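Okay, protein.txt now, which holds compact mmCIF, C-alpha atoms and all ligand atoms:
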# COMPACT_ATOMS: atom_id res chain seq x y z
CA MET A 1 0.00 0.00 0.00
CA LEU A 2 0.87 3.68 -0.24
CA PHE A 3 3.00 3.74 2.82
CA GLU A 4 2.85 2.49 6.31
CA LYS A 5 -0.60 2.65 7.89
CA PHE A 6 -2.68 3.71 4.84
CA ASP A 7 -4.70 0.69 3.79
CA SER A 8 -6.26 2.09 0.64
CA LYS A 9 -5.08 3.91 -2.49
CA VAL A 10 -8.20 6.04 -2.33
CA PHE A 11 -8.30 9.36 -0.45
CA LEU A 12 -11.13 11.74 0.31
CA ALA A 13 -10.26 15.30 -0.82
CA PRO A 14 -10.48 17.86 1.97
CA MET A 15 -13.40 20.23 1.24
CA ALA A 16 -14.01 23.17 3.55
CA GLY A 17 -17.54 23.21 4.96
CA ILE A 18 -18.21 19.70 3.64
CA THR A 19 -15.85 16.93 4.77
CA ASP A 20 -16.61 17.48 8.44
CA CYS A 21 -17.00 14.86 11.17
CA PRO A 22 -20.57 13.85 10.15
CA MET A 23 -19.48 13.40 6.52
CA ARG A 24 -16.44 11.37 7.56
CA THR A 25 -18.63 9.17 9.76
CA ILE A 26 -20.86 8.47 6.76
CA LEU A 27 -17.88 7.74 4.51
CA ASN A 28 -16.31 5.45 7.07
CA ASP A 29 -19.59 3.52 7.39
CA CYS A 30 -19.60 3.05 3.60
CA GLY A 31 -16.29 1.15 3.69
CA LYS A 32 -12.71 1.87 2.68
CA GLY A 33 -10.98 5.15 1.84
CA ASN A 34 -8.61 7.43 3.75
CA LEU A 35 -10.26 10.43 5.36
CA ILE A 36 -8.94 13.99 5.51
CA ALA A 37 -10.49 16.83 7.48
CA GLU A 38 -11.25 20.28 6.09
CA MET A 39 -8.46 22.85 6.32
CA ALA A 40 -7.89 24.54 9.70
CA ALA A 41 -5.99 27.87 9.80
CA VAL A 42 -2.91 27.81 12.04
CA ASN A 43 -3.43 31.40 13.24
CA ALA A 44 -7.07 30.68 14.14
CA ILE A 45 -5.94 27.59 16.04
CA GLN A 46 -3.45 29.75 17.93
CA ARG A 47 -6.24 32.23 18.80
CA LYS A 48 -8.24 29.22 20.06
CA ASN A 49 -11.01 30.03 17.60
CA PRO A 50 -13.76 27.51 18.53
CA LYS A 51 -14.67 26.65 14.92
CA SER A 52 -11.07 25.91 13.91
CA TYR A 53 -10.50 23.96 17.11
CA GLN A 54 -13.59 21.88 16.34
CA ILE A 55 -12.27 21.16 12.82
CA ALA A 56 -8.85 20.16 14.17
CA ASN A 57 -10.24 17.99 16.97
CA VAL A 58 -10.64 14.44 15.65
CA LYS A 59 -10.02 12.72 18.98
CA ASN A 60 -13.47 11.16 19.24
CA GLU A 61 -13.53 9.68 15.75
CA PRO A 62 -12.97 5.91 15.84
CA TYR A 63 -11.08 5.83 12.49
CA PRO A 64 -7.86 7.58 11.37
CA VAL A 65 -8.18 11.17 10.14
CA VAL A 66 -5.51 13.27 8.41
CA VAL A 67 -5.79 16.89 9.60
CA GLN A 68 -5.02 19.67 7.12
CA LEU A 69 -3.43 22.97 8.14
CA VAL A 70 -3.27 26.23 6.20
CA GLY A 71 -1.29 29.39 6.96
CA ASN A 72 1.93 31.28 6.29
CA SER A 73 4.01 31.15 9.48
CA PRO A 74 6.50 28.30 10.13
CA GLU A 75 6.29 28.98 13.89
CA LEU A 76 2.50 28.82 13.97
CA PHE A 77 2.58 25.63 11.89
CA ALA A 78 4.85 24.04 14.51
CA ASP A 79 2.50 25.08 17.35
CA ALA A 80 -0.58 23.91 15.45
CA ALA A 81 1.12 20.60 14.57
CA LYS A 82 1.71 19.89 18.27
CA LEU A 83 -1.90 20.70 19.09
CA VAL A 84 -3.40 18.55 16.33
CA ALA A 85 -1.12 15.69 17.37
CA ASP A 86 -2.73 15.96 20.84
CA LEU A 87 -6.16 16.20 19.23
CA GLY A 88 -5.88 12.82 17.54
CA ALA A 89 -4.58 13.52 14.01
CA LYS A 90 -3.22 10.46 12.22
CA SER A 91 -0.93 12.66 10.14
CA ILE A 92 -0.74 16.29 9.02
CA ASP A 93 -1.37 17.64 5.54
CA ILE A 94 -0.25 21.15 4.57
CA ASN A 95 -2.52 23.09 2.23
CA MET A 96 -0.44 24.76 -0.49
CA GLY A 97 -3.14 24.64 -3.15
CA CYS A 98 -6.16 26.61 -1.97
CA PRO A 99 -7.07 29.30 -4.56
CA VAL A 100 -9.60 31.21 -2.41
CA LYS A 101 -8.86 34.98 -2.39
CA LYS A 102 -8.96 35.36 1.40
CA ILE A 103 -6.37 32.58 1.80
CA VAL A 104 -4.13 33.59 -1.10
CA ASN A 105 -4.11 37.27 -0.06
CA ASN A 106 -2.82 36.07 3.30
CA ASN A 107 0.17 34.50 1.53
CA SER A 108 -1.22 31.03 2.29
CA GLY A 109 -2.58 28.11 0.23
CA SER A 110 -1.55 28.28 -3.43
CA ALA A 111 0.31 31.60 -2.85
CA LEU A 112 3.06 29.42 -1.35
CA MET A 113 3.69 27.96 -4.81
CA LYS A 114 5.22 31.36 -5.63
CA ASP A 115 7.41 31.40 -2.52
CA LEU A 116 9.39 28.15 -2.38
CA PHE A 117 11.61 29.40 0.43
CA LEU A 118 8.69 30.10 2.79
CA ALA A 119 7.00 26.87 1.70
CA SER A 120 10.15 24.90 2.55
CA GLU A 121 10.45 26.60 5.96
CA ILE A 122 6.83 25.70 6.74
CA ILE A 123 7.34 22.06 5.76
CA LYS A 124 10.56 21.74 7.81
CA SER A 125 9.02 23.41 10.83
CA THR A 126 5.94 21.16 10.72
CA VAL A 127 7.99 18.00 10.18
CA ASN A 128 10.27 18.82 13.14
CA ALA A 129 7.41 19.70 15.50
CA THR A 130 5.98 16.19 16.09
CA GLN A 131 6.44 12.50 15.31
CA LEU A 132 3.56 12.60 12.82
CA LYS A 133 4.08 12.20 9.09
CA VAL A 134 3.61 15.38 7.10
CA SER A 135 2.26 15.61 3.55
CA VAL A 136 1.70 18.56 1.20
CA LYS A 137 -1.20 19.21 -1.17
CA PHE A 138 -0.54 21.62 -4.03
CA ARG A 139 -1.49 22.42 -7.62
CA LYS A 140 0.03 22.38 -11.10
CA GLY A 141 1.27 25.95 -10.57
CA TRP A 142 0.05 29.51 -10.17
CA ASP A 143 -1.09 30.04 -13.78
CA ASN A 144 -0.18 28.81 -17.26
CA GLU A 145 2.92 31.02 -17.27
CA HIS A 146 4.08 29.67 -13.91
CA ILE A 147 3.82 25.88 -13.94
CA ASN A 148 6.25 24.62 -11.31
CA ALA A 149 4.67 21.45 -9.89
CA VAL A 150 7.77 19.32 -10.57
CA GLU A 151 10.14 21.76 -8.87
CA PHE A 152 7.66 22.19 -6.02
CA ALA A 153 7.33 18.43 -5.55
CA ARG A 154 11.12 18.06 -5.30
CA MET A 155 11.21 20.87 -2.75
CA CYS A 156 8.56 19.07 -0.65
CA GLU A 157 10.55 15.84 -0.80
CA ASP A 158 13.84 17.57 0.10
CA ASN A 159 12.26 19.15 3.17
CA GLY A 160 10.81 15.98 4.66
CA ALA A 161 7.30 15.52 3.24
CA SER A 162 6.25 11.86 3.49
CA TYR A 163 4.00 12.03 0.47
CA ILE A 164 2.45 14.69 -1.76
CA THR A 165 -0.90 15.26 -3.41
CA ILE A 166 -1.11 17.19 -6.65
CA HIS A 167 -4.32 18.64 -8.06
CA GLY A 168 -3.79 19.03 -11.81
CA ARG A 169 -5.11 22.59 -12.13
CA THR A 170 -3.41 25.97 -11.73
CA LYS A 171 -4.50 28.44 -9.08
CA SER A 172 -5.91 30.66 -11.86
CA GLN A 173 -8.14 27.85 -13.07
CA GLY A 174 -9.80 27.46 -9.68
CA TYR A 175 -12.05 24.47 -10.30
CA SER A 176 -12.77 25.18 -13.97
CA GLY A 177 -11.44 23.40 -17.04
CA GLU A 178 -9.97 19.93 -16.80
CA ALA A 179 -7.31 18.60 -14.46
CA ASP A 180 -4.02 18.00 -16.29
CA TRP A 181 -2.96 14.43 -15.55
CA ASN A 182 0.19 14.76 -17.71
CA ILE A 183 1.74 17.06 -15.12
CA ILE A 184 0.66 14.63 -12.39
CA GLY A 185 2.55 11.89 -14.26
CA GLU A 186 5.62 14.16 -14.58
CA VAL A 187 5.55 14.83 -10.84
CA LYS A 188 5.26 11.11 -10.13
CA SER A 189 8.38 10.34 -12.15
CA SER A 190 10.35 13.19 -10.54
CA VAL A 191 10.24 12.18 -6.87
CA LYS A 192 10.71 9.05 -4.77
CA ILE A 193 8.04 9.75 -2.14
CA PRO A 194 4.49 8.53 -2.88
CA VAL A 195 2.35 10.77 -5.08
CA ILE A 196 -1.43 11.04 -4.94
CA GLY A 197 -3.15 12.40 -8.04
CA ASN A 198 -6.24 14.58 -7.79
CA GLY A 199 -8.72 16.12 -10.18
CA ASP A 200 -11.93 15.01 -11.90
CA ILE A 201 -12.02 11.39 -10.72
CA THR A 202 -15.68 10.45 -10.92
CA SER A 203 -15.74 6.65 -11.22
CA PRO A 204 -13.76 3.47 -10.48
CA ILE A 205 -12.86 3.08 -14.16
CA ILE A 206 -11.46 6.61 -14.46
CA ALA A 207 -9.51 6.10 -11.22
CA GLN A 208 -7.89 2.95 -12.55
CA LYS A 209 -7.14 4.57 -15.92
CA ARG A 210 -5.38 7.50 -14.23
CA ILE A 211 -3.31 5.20 -12.03
CA LYS A 212 -2.26 3.14 -15.06
CA GLU A 213 -1.40 6.21 -17.14
CA THR A 214 0.63 8.05 -14.53
CA GLY A 215 1.83 5.43 -12.04
CA VAL A 216 0.54 7.48 -9.09
CA ASP A 217 0.44 5.68 -5.75
CA GLY A 218 -3.04 6.84 -4.86
CA ILE A 219 -5.92 8.99 -6.05
CA MET A 220 -7.92 11.63 -4.23
CA ILE A 221 -11.60 12.29 -4.91
CA GLY A 222 -13.53 15.44 -4.04
CA ARG A 223 -16.67 16.70 -5.72
CA ALA A 224 -17.79 13.32 -7.06
CA VAL A 225 -18.30 12.15 -3.46
CA LEU A 226 -20.96 14.82 -2.83
CA GLY A 227 -24.27 13.00 -2.54
CA ASN A 228 -22.44 9.75 -3.34
CA PRO A 229 -20.58 8.66 -0.19
CA TRP A 230 -20.38 5.10 -1.58
CA LEU A 231 -17.87 6.20 -4.23
CA LEU A 232 -14.63 5.95 -2.22
CA ASN A 233 -15.38 2.36 -1.28
CA SER A 234 -16.50 1.38 -4.77
CA VAL A 235 -13.30 2.83 -6.26
CA HIS A 236 -11.26 1.00 -3.61
CA HIS A 237 -13.09 -2.25 -4.36
CA TYR A 238 -12.57 -1.94 -8.11
CA LEU A 239 -8.85 -1.20 -7.71
CA GLU A 240 -8.47 -4.25 -5.44
CA CYS A 241 -10.81 -6.80 -7.06
CA GLY A 242 -11.66 -5.45 -10.54
CA LYS A 243 -15.39 -5.63 -9.76
CA ILE A 244 -17.90 -2.78 -9.93
CA LEU A 245 -20.16 -2.70 -6.89
CA GLN A 246 -23.90 -2.20 -7.37
CA GLU A 247 -25.24 1.33 -7.21
CA PRO A 248 -27.28 2.08 -4.06
CA THR A 249 -31.04 1.72 -4.36
CA ILE A 250 -33.33 4.71 -3.88
CA GLY A 251 -34.22 3.27 -0.46
CA GLU A 252 -30.54 3.14 0.50
CA VAL A 253 -30.07 6.75 -0.62
CA LYS A 254 -32.98 7.77 1.60
CA GLU A 255 -31.54 5.93 4.62
CA MET A 256 -28.11 7.50 4.06
CA LEU A 257 -29.61 10.96 3.70
CA LEU A 258 -31.58 10.58 6.93
CA LYS A 259 -28.51 9.31 8.74
CA HIS A 260 -26.41 12.22 7.43
CA ILE A 261 -28.92 14.82 8.60
CA GLN A 262 -29.19 13.22 12.04
CA LEU A 263 -25.40 13.21 12.39
CA LEU A 264 -25.24 16.89 11.37
CA VAL A 265 -27.87 17.79 13.97
CA LYS A 266 -26.06 15.79 16.65
CA TYR A 267 -22.73 17.45 15.86
CA TYR A 268 -23.79 21.08 15.22
CA GLY A 269 -27.14 21.30 17.02
CA GLU A 270 -30.54 21.39 15.33
CA LYS A 271 -30.54 24.90 13.81
CA ALA A 272 -27.02 24.84 12.34
CA GLY A 273 -27.22 21.14 11.47
CA ILE A 274 -30.39 21.60 9.41
CA ALA A 275 -28.93 24.67 7.68
CA ILE A 276 -25.78 22.73 6.73
CA SER A 277 -27.84 19.73 5.60
CA ARG A 278 -29.52 21.76 2.82
CA LYS A 279 -26.56 21.54 0.44
CA HIS A 280 -26.08 17.82 1.12
CA VAL A 281 -29.78 17.11 0.50
CA GLY A 282 -29.49 18.82 -2.89
CA TRP A 283 -26.54 16.60 -3.82
CA TYR A 284 -28.19 13.34 -2.73
CA VAL A 285 -31.34 13.90 -4.78
CA LYS A 286 -29.92 15.83 -7.74
CA SER A 287 -30.85 13.22 -10.36
CA PHE A 288 -34.21 12.31 -8.80
CA TYR A 289 -37.74 13.15 -9.95
CA GLU A 290 -38.90 16.67 -9.00
CA ALA A 291 -35.65 17.25 -7.09
CA LYS A 292 -35.84 21.03 -7.54
CA LYS A 293 -39.30 21.28 -6.00
CA PHE A 294 -38.25 19.01 -3.12
CA ARG A 295 -35.15 21.12 -2.47
CA GLU A 296 -37.20 24.30 -2.40
CA GLN A 297 -39.54 22.78 0.17
CA TYR A 298 -36.62 21.46 2.21
CA THR A 299 -34.94 24.86 2.36
CA LYS A 300 -37.93 26.27 4.27
CA LEU A 301 -37.63 23.72 7.09
CA ASN A 302 -35.90 24.28 10.43
CA THR A 303 -36.48 21.20 12.60
CA LEU A 304 -35.36 17.61 12.39
CA THR A 305 -38.93 16.29 12.64
CA GLU A 306 -40.06 18.45 9.70
CA THR A 307 -37.15 17.32 7.53
CA ILE A 308 -37.71 13.63 8.31
CA ASN A 309 -41.40 13.95 7.46
CA LEU A 310 -40.71 15.70 4.17
CA ILE A 311 -38.04 13.16 3.18
CA ASN A 312 -40.36 10.24 4.00
CA ASP A 313 -43.15 11.78 1.89
CA TYR A 314 -40.84 12.59 -1.02
CA PHE A 315 -39.24 9.15 -1.18
CA LEU A 316 -42.61 7.44 -0.85
CA ARG A 317 -43.66 9.29 -4.02
CA ILE A 318 -40.50 8.61 -6.04
CA GLU A 319 -40.04 4.99 -4.96
CA ILE A 320 -43.40 3.95 -6.42
C1 LIG A 401 -16.15 23.31 -1.81
C2 LIG A 401 -14.69 22.91 -1.86
C3 LIG A 401 -13.90 23.09 -0.74
C4 LIG A 401 -12.55 22.73 -0.79
N1 LIG A 401 -11.78 22.86 0.34
C5 LIG A 401 -10.48 22.44 0.32
C6 LIG A 401 -9.70 22.44 1.50
O1 LIG A 401 -10.16 22.78 2.62
N2 LIG A 401 -8.39 22.03 1.41
C7 LIG A 401 -7.85 21.62 0.21
O2 LIG A 401 -6.67 21.27 0.16
N3 LIG A 401 -8.59 21.58 -0.92
C8 LIG A 401 -9.87 21.96 -0.89
N4 LIG A 401 -10.64 21.84 -2.02
C9 LIG A 401 -10.05 21.22 -3.23
C10 LIG A 401 -10.31 19.70 -3.24
O3 LIG A 401 -9.63 19.08 -2.17
C11 LIG A 401 -9.83 19.07 -4.57
O4 LIG A 401 -8.46 19.35 -4.72
C12 LIG A 401 -10.59 19.62 -5.79
O5 LIG A 401 -11.99 19.65 -5.56
C13 LIG A 401 -10.29 18.78 -7.04
O6 LIG A 401 -10.73 17.44 -6.86
P1 LIG A 401 -12.10 16.89 -7.56
O7 LIG A 401 -12.00 17.20 -9.03
O8 LIG A 401 -12.10 15.43 -7.27
O9 LIG A 401 -13.21 17.64 -6.91
C14 LIG A 401 -11.98 22.20 -2.00
C15 LIG A 401 -12.81 22.03 -3.11
C16 LIG A 401 -14.14 22.36 -3.06
C17 LIG A 401 -15.00 22.14 -4.29
Same coordinates, now as structure tokens:
Amino acid sequence: MLFEKFDSKVFLAPMAGITDCPMRTILNDCGKGNLIAEMAAVNAIQRKNPKSYQIANVKNEPYPVVVQLVGNSPELFADAAKLVADLGAKSIDINMGCPVKKIVNNNSGSALMKDLFLASEIIKSTVNATQLKVSVKFRKGWDNEHINAVEFARMCEDNGASYITIHGRTKSQGYSGEADWNIIGEVKSSVKIPVIGNGDITSPIIAQKRIKETGVDGIMIGRAVLGNPWLLNSVHHYLECGKILQEPTIGEVKEMLLKHIQLLVKYYGEKAGIAISRKHVGWYVKSFYEAKKFREQYTKLNTLTETINLINDYFLRIEI
């Protein structure tokens, strides 16, 4: 397998506001796949910001979780690394790929792809702070005129990263266009540490094709998991056994959706949990009959009982 302790080639992509503890619980219940938390800012952790602390705290989760940190200060990374080690992280991932304005303007995320010296100081400082393995997630480059993924990958390796994840888009692309798997292949053949490829994996067959083409050690999946928490396990199963698992039935989707909402309410409280559930509900039912009308009705609800009733009614209609 990828390296010591990871028992799957398949990784969940960290997604802020989405891959939280309830989502990870759901994914873990679906089967295999390595789980990564949403990014937590090192300066917010230092300020003891409750939301960031909650993101970084994975102590009560009964499965391994990689915790991702974002920021621009080597000292704060070291402090945050020590804290997340105490809070149960399995290993630490450093975000050097986020394209969001607020992050980039703070010289963090993908801005670090333009400052290899600072990026190397951050990696060294994080590696030296604890016994945990440290990985780095980055992009193809800043824009088409500044494609430096190979050089960046070597820098990560030279400064002690245990593995790297590369998303095959530039910062300027954001999430548009297609991920460039040629550059991912170039990165793979340029370093000795394991490389995880990321971008536009939507099925077991595409995952296997990308691994064959590039030789990457693992693949990371983000948006395709939304509303389809079975995907990580079905990709894992296909890579291991060559068999495609059956799609979930409508009844299974309903049960998963109900479970997800209940977990959100338990974790965030009823008001916030229901508010957060709205986007997930939209993803679960997106290809179903009269999904738009159902979503509109769902958006107006504020209590768990109301949402359960509406979901039961809706699925009763579409299952017939
Ligand atoms: C809503 C959203 C939030 C994201 N948040 C993070 C994040 O916190 N940390 C990170 O490294 N990448 C983040 N990403 C990028 C994903 O991890 C991944 O690299 C990207 O979605 C490409 O993979 P995909 O094509 O499989 O979705 C985010 C992406 C989305 C769509």
_Residues near Arg139 in chain A, anyone? I mean within 10 Å using all atoms listed in the file, not counting same-chain ones fewer than 3 positions away, as a PyMOL selection string._
chain A and resi 95-99+109-110+113+142-143+147-149+152-153+165-171+174+179+183-184+198-199
Please determine an axis-aligned box that encloses all atoms of range 204-222 of chain A listed in the file, with 5 Å added on each side, and express its centre and edge lengths in Å to one decimal as AutoDock Vina command-line options.
--center_x -6.0 --center_y 9.2 --center_z -10.6 --size_x 25.6 --size_y 22.5 --size_z 23.1
*Name all residues at most 10 Å from Pro194 in chain A (count all atoms listed in the file; drop same-chain ones fewer than 4 positions away) and give them as a PyMOL selection string.*
chain A and resi 2-3+135+157+161-165+188+216-218
*Residue among A:Asp86, A:Glu240, A:Glu247, A:Asp20 lying closest to ligand LIG 401 (chain A), counting all atoms listed in the file*: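 Using all atoms listed in the file, ligand LIG 401 (chain A) sits closest to A:Asp20.
Around ligand LIG 401 (chain A), the neighbouring residues within 7 Å, taking all atoms listed in the file, come to Ala13, Pro14, Met15, Ala16, Gly17, Ile18, Glu38, Met39, Asn95, Gly97, Cys98, Lys137, His167, Tyr175, Asn198, Gly199, Asp200, Ile201, Met220, Ile221, Gly222, Arg223 and Ala224 of chain A.
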*For the point (7.0, 31.1, 9.0) in file coordinates, what residues are within 9 Å, counting all atoms listed in the file? Give the answer as a count of residues only?*
12
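For range 306-315 of chain A, the non-local neighbours within 8 Å, defined as residues at least 6 positions apart in the same chain or in other chains and counting only C-alpha atoms, are A:Ile250, A:Gly251, A:Lys254, A:Leu258, A:Phe294, A:Tyr298.
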_What's around Ile205 in chain A at 8 Å? Count only C-alpha atoms, leave out sequence neighbours fewer than 3 positions away in its own chain, and write the answer as a PyMOL selection string._
chain A and resi 208-209+235+238
_Minimum-distance residue to Ile276 in chain A, chosen among A:Val195, A:Leu301, A:Ala89, A:Met256 (using all atoms listed in the file)_ =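 Comparing A:Val195, A:Leu301, A:Ala89, A:Met256 against Ile276 in chain A, the winner is A:Leu301.
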*asked:* Please report the interatomic distance between CA of Asn182 in chain A and CA of Phe11 in chain A in Å with one decimal.
replied: 20.0 Å
*Could you please determine the separation between CA of Glu151 in chain A and CA of Asp79 in chain A in Å, to one decimal place?*
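These two atoms are separated by 27.5 Å.
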*Which one of A:Leu231, A:Ile318, A:Ile36, A:Val10 sits closest to Ile211 in chain A if you count only C-alpha atoms?*
A:Val10
*Tell me, in Å to one decimal, how far CA of Lys292 in chain A is from CA of Leu27 in chain A.*
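Those two atoms sit 25.4 Å apart.
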*Skipping near chain neighbours, those fewer than 2 positions away, what residues fall within 12 Å of range 262-268 of chain A using only C-alpha atoms, listed as an NGL selection string?*
:A and (17-26 or 51 or 54-55 or 60 or 255-260 or 270-281 or 302-305 or 307-308)
